[in-house]
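*Asks:* Take a look at the following structure, please.
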Amino acid sequence: MNDTERRYKEYLLYCYELASHKYADHPDTEALIQDTVMALVEREWRGEAVESPKGFLSAVMKNLYNGWLRQKYRDRIVYFGTDADEGFDSTDGGNDEADGKNGRDKEYAAVRRELGRLVRIYREVAVRHYIDGESVEKIAHDLGIPVGTVKSRLSGARSRIKEGIKKMEKYDRISYEPKTVSVGIWGSDSYKGEPFSLLNSKIEGNILIAAYEKPISAVGIADAMGIPTAYIEPLADRLVAGELMGRTDGGLYYTRCFIRKHSDEFGNIAAQESLADRFAADVWETVMRSTQPLWERPEFAAMTDKQKATLLLFFMSEILTELTVSASINPDARNTQPPERPNGGRWLATATVFETDEKLGKYDSSGPCHINLSDGVANVSDYQSAFGDTHWVYDRLDTVAKIEEVARFYVSFLVDGVKPHNAALYENAGFFEELHILRRDANGKAVLDIPYMTFDEWFVHWQPAEETAKAALRPLLCGELAQLADKHRNRVPKHVDAYKYYEHVGALGAYEKAQLFAISEKNLMPWHVEIGKTPIIFIRYKK
């Protein structure tokens with residue numbers, strides 16, 4: 001036996017040892033061994049030097065094995081080692097589980113998980129090189145970066161994958177107990193629906209939570225949520241584009257909207273209820289003095305008692321909302337206005353976090369949603385509250401309809417030529433009757449059971465009365481409201497848009513509704529209010 005034959009016999013034995021210890025689950029180990037050795041033969045036949053034959057054989061067998069895995073598994077699991085194994089030592093020992101199929105399957109799963117957690121610059125080169133088999137040169141050409149940069153990123157990817165496998169999982173509680181997040185705004189949303197349209201699942205809301213306290217990397221968010229970075233990055237980038245999030249020059253993500261727990265949304269409820277009880281008579285007397293001269297006007301006299309009560313609830317709510325906001329805003333932020341946003345919106349957003357077992361309470365509300373119809377024929381103010389369900393329940397309709405479509409549906413009962421684009425809403429008249437928004441007249445015809453008046457009637461007569469009542473109530477209420485607000489302080493990170501504006505938000509979250517409840521429950525108004533059956537919706541329209 002000559003030296004070449006002796007050398008190849010040694011290589012063949014080495015490959016048998018390597019295959020039996022690391023790749024025993026391959027369906028044709030003989031072919032795997034032969035193909036591995038033939039690769040070395042072909043390399044030497046072409047006159048190409050091989051500095052470490054055993055390392056070369058190890059790398060070739062690994063690549064051939066991975067090629068088989070890619071065909072076997074559609075999700076293309078691969079094993080990440082070093083650039084070239086420096087030889088396999090059959091005396092390393094090990095155990096059957098670690099070297100057998102089950103052990104390798106666990107390792108492949110761990111590697112695949114860590115690959116998904118890499119940030120984009122490492123992930124894209126690792127996938128293209130190790131999964132798709134692309135050369136370093138091709139990757140460099142396609143991405144427009146130097147070959148050395150590709151090699152550096154591949155090295156970084158391997159290091160991060162190995163480190164990630166060694167470490168214990170860093171998943172946060174939100175990875176197994178995700179929070180429910182609801183977004184509300186001050187201002188007007190964009191024509192593409194931002195920011196509401198940016199939260200399509202629980203994932204986006206929990207990304208906002210993960211990046212709220214301080215800027216964090218995509219990997220950090222992924223670790224907290226237990227979701228691969230590959231899935232997190234495009235969602236976070238979309239939140240950045242929509243301006244619910246931002247990104248530092250170093251690539252860290254941070255949340256730009258104010259986040260609060262639902263339990264912190266209402267402040268000291270008992271103190272606000274006490275204040276509302278004490279001022280109920282004074283508030284109503286002030287409102288009555290400013291509006292009573294208008295009760296004989298035809299637009300008001302023609303209303304049913306329920307419509308009259310609803311209009312006065314709306315009237316008081318508008319006043320109390322403004323006084324409450326002004327009393328709870330940091331003086332340094334009094335002139336804050338919602339900034340312009342992409343796609344035409346002007347808004348500041350608040351994300352409210354609900355615990356999984358939290359139930360809606362007496363003071364949960366939303367609005368007012370002021371819907372201006374595009375043709376300028378009407379404005380619809382829609383409040384969701386315990387007084388009656390409105391826009392929170394529109395998704396229970398038998399047909400899909402946004403709040404703008406529902407508003408057009410309401411206005412169609414008043415203005416000729418205005419029709420919702422979704423005619424199926426008329427088939428849901430019974431649903432709106434159950435909400436006490438529509439009723440049947442003496443002839444069985446569906447008519448509005450909510451208050452309405454023309455723009456002229458409102459702006460010439462009723463809005464001046466609102467300003468009069470507001471001016472009279474301001475010195476009565478704002479001092480004590482401000483004292484309550486001062487006792488409640490939110491911790492707001494400085495990277496939140498208009499962070500000073502939010503320092504006392506929520507301190508008086510129950511007061512407006514508490515005051516309306518107190519006036520209603522004391523029967524101070526001459527028209528009865530039935531809680532739950534008096535939805536606060538008001539329409540101003542052009543004849």
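Simple scheme: letters A, B, ... for chains in structure tokens order, numbers from 1 for residues in each chain, numbers from 1 for ligands in the order shown.
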Write out as a compact mmCIF listing (two decimals) with all heavy atoms, in the first residue's frame the set of residues from stretch 216-251 of chain A that DSSP, computed on the backbone, places in alpha helix (DSSP H).

*Replies:*
# COMPACT_ATOMS: atom_id res chain seq x y z
N ALA A 218 -34.49 45.64 18.96
CA ALA A 218 -35.47 44.67 18.44
C ALA A 218 -35.28 43.31 19.10
O ALA A 218 -36.24 42.60 19.39
CB ALA A 218 -35.34 44.55 16.92
N VAL A 219 -34.02 42.95 19.35
CA VAL A 219 -33.73 41.68 20.03
C VAL A 219 -34.29 41.71 21.45
O VAL A 219 -34.85 40.73 21.94
CB VAL A 219 -32.22 41.40 20.05
CG1 VAL A 219 -31.91 40.17 20.90
CG2 VAL A 219 -31.70 41.20 18.63
N GLY A 220 -34.14 42.86 22.13
CA GLY A 220 -34.67 42.98 23.48
C GLY A 220 -36.18 42.83 23.51
O GLY A 220 -36.74 42.18 24.41
N ILE A 221 -36.86 43.43 22.53
CA ILE A 221 -38.31 43.27 22.44
C ILE A 221 -38.66 41.81 22.18
O ILE A 221 -39.57 41.24 22.79
CB ILE A 221 -38.89 44.16 21.33
CG1 ILE A 221 -38.64 45.64 21.64
CG2 ILE A 221 -40.39 43.91 21.16
CD1 ILE A 221 -39.02 46.58 20.51
N ALA A 222 -37.91 41.20 21.26
CA ALA A 222 -38.17 39.80 20.93
C ALA A 222 -37.96 38.90 22.15
O ALA A 222 -38.73 37.98 22.40
CB ALA A 222 -37.25 39.36 19.78
N ASP A 223 -36.89 39.17 22.91
CA ASP A 223 -36.63 38.37 24.10
C ASP A 223 -37.76 38.52 25.11
O ASP A 223 -38.18 37.55 25.75
CB ASP A 223 -35.31 38.81 24.75
CG ASP A 223 -34.10 38.34 23.97
OD1 ASP A 223 -34.24 37.38 23.18
OD2 ASP A 223 -33.02 38.91 24.13
N ALA A 224 -38.24 39.75 25.28
CA ALA A 224 -39.31 39.99 26.25
C ALA A 224 -40.60 39.29 25.86
O ALA A 224 -41.34 38.80 26.71
CB ALA A 224 -39.55 41.50 26.40
N MET A 225 -40.86 39.23 24.55
CA MET A 225 -42.14 38.70 24.08
C MET A 225 -42.09 37.24 23.68
O MET A 225 -43.13 36.61 23.48
CB MET A 225 -42.64 39.55 22.90
CG MET A 225 -42.91 40.99 23.27
SD MET A 225 -43.54 41.97 21.90
CE MET A 225 -45.09 41.15 21.57
N THR A 229 -37.11 37.84 16.39
CA THR A 229 -36.86 39.20 15.94
C THR A 229 -37.33 39.41 14.50
O THR A 229 -37.76 40.51 14.14
CB THR A 229 -35.36 39.52 16.04
OG1 THR A 229 -34.89 39.15 17.33
CG2 THR A 229 -35.09 41.00 15.81
N ALA A 230 -37.24 38.35 13.70
CA ALA A 230 -37.66 38.44 12.30
C ALA A 230 -39.11 38.87 12.18
O ALA A 230 -39.50 39.52 11.20
CB ALA A 230 -37.45 37.08 11.60
N TYR A 231 -39.93 38.53 13.16
CA TYR A 231 -41.33 38.94 13.14
C TYR A 231 -41.53 40.30 13.80
O TYR A 231 -42.45 41.04 13.45
CB TYR A 231 -42.20 37.90 13.85
CG TYR A 231 -42.31 36.60 13.10
CD1 TYR A 231 -41.41 35.56 13.32
CD2 TYR A 231 -43.31 36.40 12.16
CE1 TYR A 231 -41.51 34.36 12.64
CE2 TYR A 231 -43.41 35.21 11.45
CZ TYR A 231 -42.50 34.19 11.70
OH TYR A 231 -42.60 33.02 11.01
N ILE A 232 -40.69 40.60 14.78
CA ILE A 232 -40.84 41.84 15.53
C ILE A 232 -40.44 43.06 14.69
O ILE A 232 -41.13 44.08 14.69
CB ILE A 232 -40.00 41.80 16.82
CG1 ILE A 232 -40.57 40.76 17.79
CG2 ILE A 232 -39.91 43.17 17.47
CD1 ILE A 232 -41.95 41.10 18.30
N GLU A 233 -39.32 42.98 13.98
CA GLU A 233 -38.78 44.14 13.28
C GLU A 233 -39.76 44.80 12.30
O GLU A 233 -39.94 46.02 12.35
CB GLU A 233 -37.49 43.77 12.56
CG GLU A 233 -36.28 43.75 13.48
CD GLU A 233 -35.00 43.46 12.73
OE1 GLU A 233 -34.98 42.52 11.92
OE2 GLU A 233 -34.03 44.18 12.95
N PRO A 234 -40.42 44.04 11.41
CA PRO A 234 -41.33 44.74 10.48
C PRO A 234 -42.51 45.39 11.19
O PRO A 234 -42.98 46.45 10.77
CB PRO A 234 -41.78 43.63 9.52
CG PRO A 234 -41.48 42.35 10.22
CD PRO A 234 -40.29 42.62 11.08
N LEU A 235 -42.98 44.78 12.28
CA LEU A 235 -44.08 45.38 13.03
C LEU A 235 -43.63 46.66 13.73
O LEU A 235 -44.33 47.67 13.72
CB LEU A 235 -44.63 44.38 14.05
CG LEU A 235 -45.26 43.11 13.47
CD1 LEU A 235 -45.74 42.20 14.59
CD2 LEU A 235 -46.43 43.44 12.55
N ALA A 236 -42.44 46.60 14.35
CA ALA A 236 -41.90 47.79 15.02
C ALA A 236 -41.63 48.89 14.00
O ALA A 236 -41.90 50.08 14.27
CB ALA A 236 -40.63 47.43 15.79
N ASP A 237 -41.10 48.54 12.84
CA ASP A 237 -40.84 49.54 11.80
C ASP A 237 -42.14 50.20 11.33
O ASP A 237 -42.18 51.40 11.03
CB ASP A 237 -40.13 48.90 10.61
CG ASP A 237 -38.68 48.53 10.94
OD1 ASP A 237 -38.16 49.04 11.94
OD2 ASP A 237 -38.09 47.73 10.19
N ARG A 238 -43.20 49.42 11.27
CA ARG A 238 -44.50 49.98 10.87
C ARG A 238 -45.02 50.95 11.94
O ARG A 238 -45.59 51.99 11.62
CB ARG A 238 -45.50 48.84 10.65
CG ARG A 238 -46.85 49.30 10.12
CD ARG A 238 -47.66 48.11 9.62
NE ARG A 238 -48.99 48.52 9.19
CZ ARG A 238 -50.07 48.49 9.96
NH1 ARG A 238 -49.98 48.05 11.21
NH2 ARG A 238 -51.24 48.88 9.51
N LEU A 239 -44.79 50.61 13.21
CA LEU A 239 -45.19 51.51 14.30
C LEU A 239 -44.36 52.79 14.27
O LEU A 239 -44.87 53.87 14.59
CB LEU A 239 -45.05 50.81 15.64
CG LEU A 239 -46.02 49.65 15.89
CD1 LEU A 239 -45.63 48.88 17.14
CD2 LEU A 239 -47.45 50.16 16.02
N VAL A 240 -43.10 52.68 13.88
CA VAL A 240 -42.25 53.87 13.73
C VAL A 240 -42.76 54.74 12.58
O VAL A 240 -42.88 55.96 12.71
CB VAL A 240 -40.78 53.45 13.49
CG1 VAL A 240 -39.95 54.68 13.09
CG2 VAL A 240 -40.19 52.81 14.74
N ALA A 241 -43.08 54.11 11.46
CA ALA A 241 -43.58 54.87 10.30
C ALA A 241 -44.89 55.58 10.64
O ALA A 241 -45.14 56.69 10.17
CB ALA A 241 -43.78 53.93 9.11

*Asks:* Sorted by chain and rising residue number, list the residues of stretch 321-341 of chain A at most 10 Å from stretch 175-199 of chain A (counting only C-alpha atoms), each with its closest atom pair and distance in Å to one decimal, as CSV.

*Replies:*
residue,atom,partner,partner_atom,distance
A:Gln337,CA,A:Gly187,CA,8.5
A:Pro338,CA,A:Gly187,CA,6.1
A:Pro339,CA,A:Gly187,CA,8.8
A:Glu340,CA,A:Ser190,CA,9.3
A:Arg341,CA,A:Ser190,CA,7.2

*Asks:* Which of these, A:Trp462, A:Leu320, A:His488, A:Val418, has the shortest distance to A:Asp375 once you count only C-alpha atoms?

*Replies:*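 For A:Asp375, the nearest of the given residues is A:Val418.
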
*Asks:* Please provide as a list in words all residues within 12 Å of A:Gly361, with the sequence filter that same-chain residues fewer than 6 positions apart are discarded (counting only C-alpha atoms).

*Replies:*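 My reading of the contact set: His262, Ser263, Glu265, Phe266, Ile269, Ser385, Ala386, Ala510 and Lys513 of chain A.
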
*Asks:* Name all residues at most 9 Å from A:Ile450 (count only C-alpha atoms; drop same-chain ones fewer than 4 positions away) and give them as a list in words.

*Replies:*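 The residues satisfying every condition are Met303, Thr304, Lys306, Gln307, Lys308, Thr310, Leu311, His436, Ile437, Leu438, Thr534, Pro535, Ile536, Ile537, Phe538 and Ile539 of chain A.
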
*Asks:* Report the closest atom pair, with its distance in Å rounded to one decimal, for each residue of stretch 2-33 of chain A that has an atom no farther than 10 Å from stretch 37-61 of chain A; count only C-alpha atoms, sort by chain and then rising residue number, and write it as a Markdown table.

*Replies:*
| residue | atom | partner | partner_atom | distance |
| --- | --- | --- | --- | --- |
| A:Tyr8 | CA | A:Val37 | CA | 8.2 |
| A:Glu10 | CA | A:Lys54 | CA | 9.8 |
| A:Tyr11 | CA | A:Lys54 | CA | 7.2 |
| A:Leu12 | CA | A:Val37 | CA | 6.8 |
| A:Tyr14 | CA | A:Lys54 | CA | 7.8 |
| A:Cys15 | CA | A:Leu57 | CA | 7.4 |
| A:Leu18 | CA | A:Ser58 | CA | 7.6 |
| A:Ala19 | CA | A:Met61 | CA | 8.0 |
| A:Lys22 | CA | A:Met61 | CA | 9.9 |
| A:Tyr23 | CA | A:Met61 | CA | 8.8 |
| A:Ala31 | CA | A:Val37 | CA | 9.9 |
| A:Leu32 | CA | A:Met61 | CA | 7.0 |
| A:Ile33 | CA | A:Val37 | CA | 6.3 |

*Asks:* For the residues in the current selection, export N, CA and C atoms as a PDB file, in the first residue's frame.

*Replies:*
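Output saved as out_17.pdb:
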ATOM      1  N   TYR A   8      -5.675   7.852   2.133  1.00  0.00           N
ATOM      2  CA  TYR A   8      -7.105   7.841   1.860  1.00  0.00           C
ATOM      3  C   TYR A   8      -7.844   6.807   2.697  1.00  0.00           C
ATOM      4  N   GLU A  10      -7.042   6.228   5.761  1.00  0.00           N
ATOM      5  CA  GLU A  10      -7.199   6.938   7.036  1.00  0.00           C
ATOM      6  C   GLU A  10      -8.367   7.923   6.948  1.00  0.00           C
ATOM      7  N   TYR A  11      -8.485   8.623   5.805  1.00  0.00           N
ATOM      8  CA  TYR A  11      -9.585   9.560   5.636  1.00  0.00           C
ATOM      9  C   TYR A  11     -10.925   8.850   5.614  1.00  0.00           C
ATOM     10  N   LEU A  12     -10.952   7.668   4.958  1.00  0.00           N
ATOM     11  CA  LEU A  12     -12.197   6.915   4.876  1.00  0.00           C
ATOM     12  C   LEU A  12     -12.651   6.453   6.256  1.00  0.00           C
ATOM     13  N   TYR A  14     -11.861   7.882   9.053  1.00  0.00           N
ATOM     14  CA  TYR A  14     -12.260   9.092   9.760  1.00  0.00           C
ATOM     15  C   TYR A  14     -13.710   9.457   9.421  1.00  0.00           C
ATOM     16  N   CYS A  15     -14.061   9.370   8.128  1.00  0.00           N
ATOM     17  CA  CYS A  15     -15.416   9.702   7.705  1.00  0.00           C
ATOM     18  C   CYS A  15     -16.441   8.721   8.265  1.00  0.00           C
ATOM     19  N   LEU A  18     -16.930   9.794  11.802  1.00  0.00           N
ATOM     20  CA  LEU A  18     -17.665  11.046  11.835  1.00  0.00           C
ATOM     21  C   LEU A  18     -19.149  10.822  11.553  1.00  0.00           C
ATOM     22  N   ALA A  19     -19.453  10.029  10.532  1.00  0.00           N
ATOM     23  CA  ALA A  19     -20.844   9.777  10.149  1.00  0.00           C
ATOM     24  C   ALA A  19     -21.591   9.016  11.231  1.00  0.00           C
ATOM     25  N   LYS A  22     -22.024  11.649  14.392  1.00  0.00           N
ATOM     26  CA  LYS A  22     -22.752  12.917  14.253  1.00  0.00           C
ATOM     27  C   LYS A  22     -23.927  12.856  13.296  1.00  0.00           C
ATOM     28  N   TYR A  23     -23.891  11.942  12.345  1.00  0.00           N
ATOM     29  CA  TYR A  23     -24.926  11.955  11.315  1.00  0.00           C
ATOM     30  C   TYR A  23     -25.537  10.571  11.112  1.00  0.00           C
ATOM     31  N   ALA A  31     -23.418   6.489   1.082  1.00  0.00           N
ATOM     32  CA  ALA A  31     -23.354   7.524   0.045  1.00  0.00           C
ATOM     33  C   ALA A  31     -22.816   8.829   0.627  1.00  0.00           C
ATOM     34  N   LEU A  32     -23.209   9.149   1.864  1.00  0.00           N
ATOM     35  CA  LEU A  32     -22.716  10.361   2.508  1.00  0.00           C
ATOM     36  C   LEU A  32     -21.199  10.307   2.640  1.00  0.00           C
ATOM     37  N   ILE A  33     -20.665   9.151   3.057  1.00  0.00           N
ATOM     38  CA  ILE A  33     -19.216   9.002   3.235  1.00  0.00           C
ATOM     39  C   ILE A  33     -18.499   9.078   1.895  1.00  0.00           C
TER      40      ILE A  33
END

*Asks:* Between A:Phe258, A:Tyr363, A:Trp68, A:Phe455, which is the closest to A:Asp28 once you count only C-alpha atoms?

*Replies:* A:Trp68

*Asks:* Which polymer residues have any atom within 12 Å of an atom of A:Ala401, counting only C-alpha atoms, with same-chain residues fewer than 3 positions away left out, as a ChimeraX atom specification?

*Replies:* /A:391,393-398,404-409,420-426,428

*Asks:* Which residues are near A:Tyr502? Cut-off 12 Å, only C-alpha atoms, ignore same chain within fewer than 4 positions. Put them as a ChimeraX atom specification.

*Replies:* /A:186,257-260,265,325,328-334,336,348-351,485,488-494,496-498,506-507

*Asks:* Could you find all residues in stretch 177-215 of chain A that DSSP calls strand (DSSP E) from the backbone, and write them as JSON, numbers by chain?

*Replies:* {"A": [180, 181, 182, 183, 184, 185, 186, 187, 188]}

*Asks:* Which is closer to A:Trp527 than all the others in A:Val125, A:Asp282, A:Leu313, A:Glu273, using only C-alpha atoms?

*Replies:*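 Ranking A:Val125, A:Asp282, A:Leu313, A:Glu273 by distance to A:Trp527, first place goes to A:Leu313.
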
*Asks:* Interatomic distance between atom CA of A:Met453 and atom CA of A:Leu323?

*Replies:* 24.8 Å

*Asks:* Can you tell me which residues surround A:Ala514 at a distance of at most 10 Å, considering only C-alpha atoms, apart from same-chain residues fewer than 3 positions away, and format the answer as a ChimeraX atom specification?

*Replies:* /A:269-270,272-277,280,362-363,509-511,517-520

*Asks:* Of the candidates A:Gly156, A:Gly388, A:Gln515, A:Thr149, which one gets nearest to A:Phe279 if we count only C-alpha atoms?

*Replies:*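 For A:Phe279, the nearest of the given residues is A:Gln515.
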
*Asks:* Tell me, in Å to one decimal, how far atom CA of A:Glu355 is from atom CA of A:Gly267.

*Replies:*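 Separation between atom CA of A:Glu355 and atom CA of A:Gly267: 17.2 Å.
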
*Asks:* With distances taken over only C-alpha atoms, which residue among A:Ala472, A:Ala446, A:Val283, A:Leu373 lies nearest A:Leu516?

*Replies:*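 So, comparing all the options, the nearest one is A:Val283.
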
*Asks:* What does the distance between atom CA of A:Ile227 and atom CA of A:Leu244 come to in Å, to one decimal place?

*Replies:*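 One can read the atom CA of A:Ile227 to atom CA of A:Leu244 distance as 20.3 Å.
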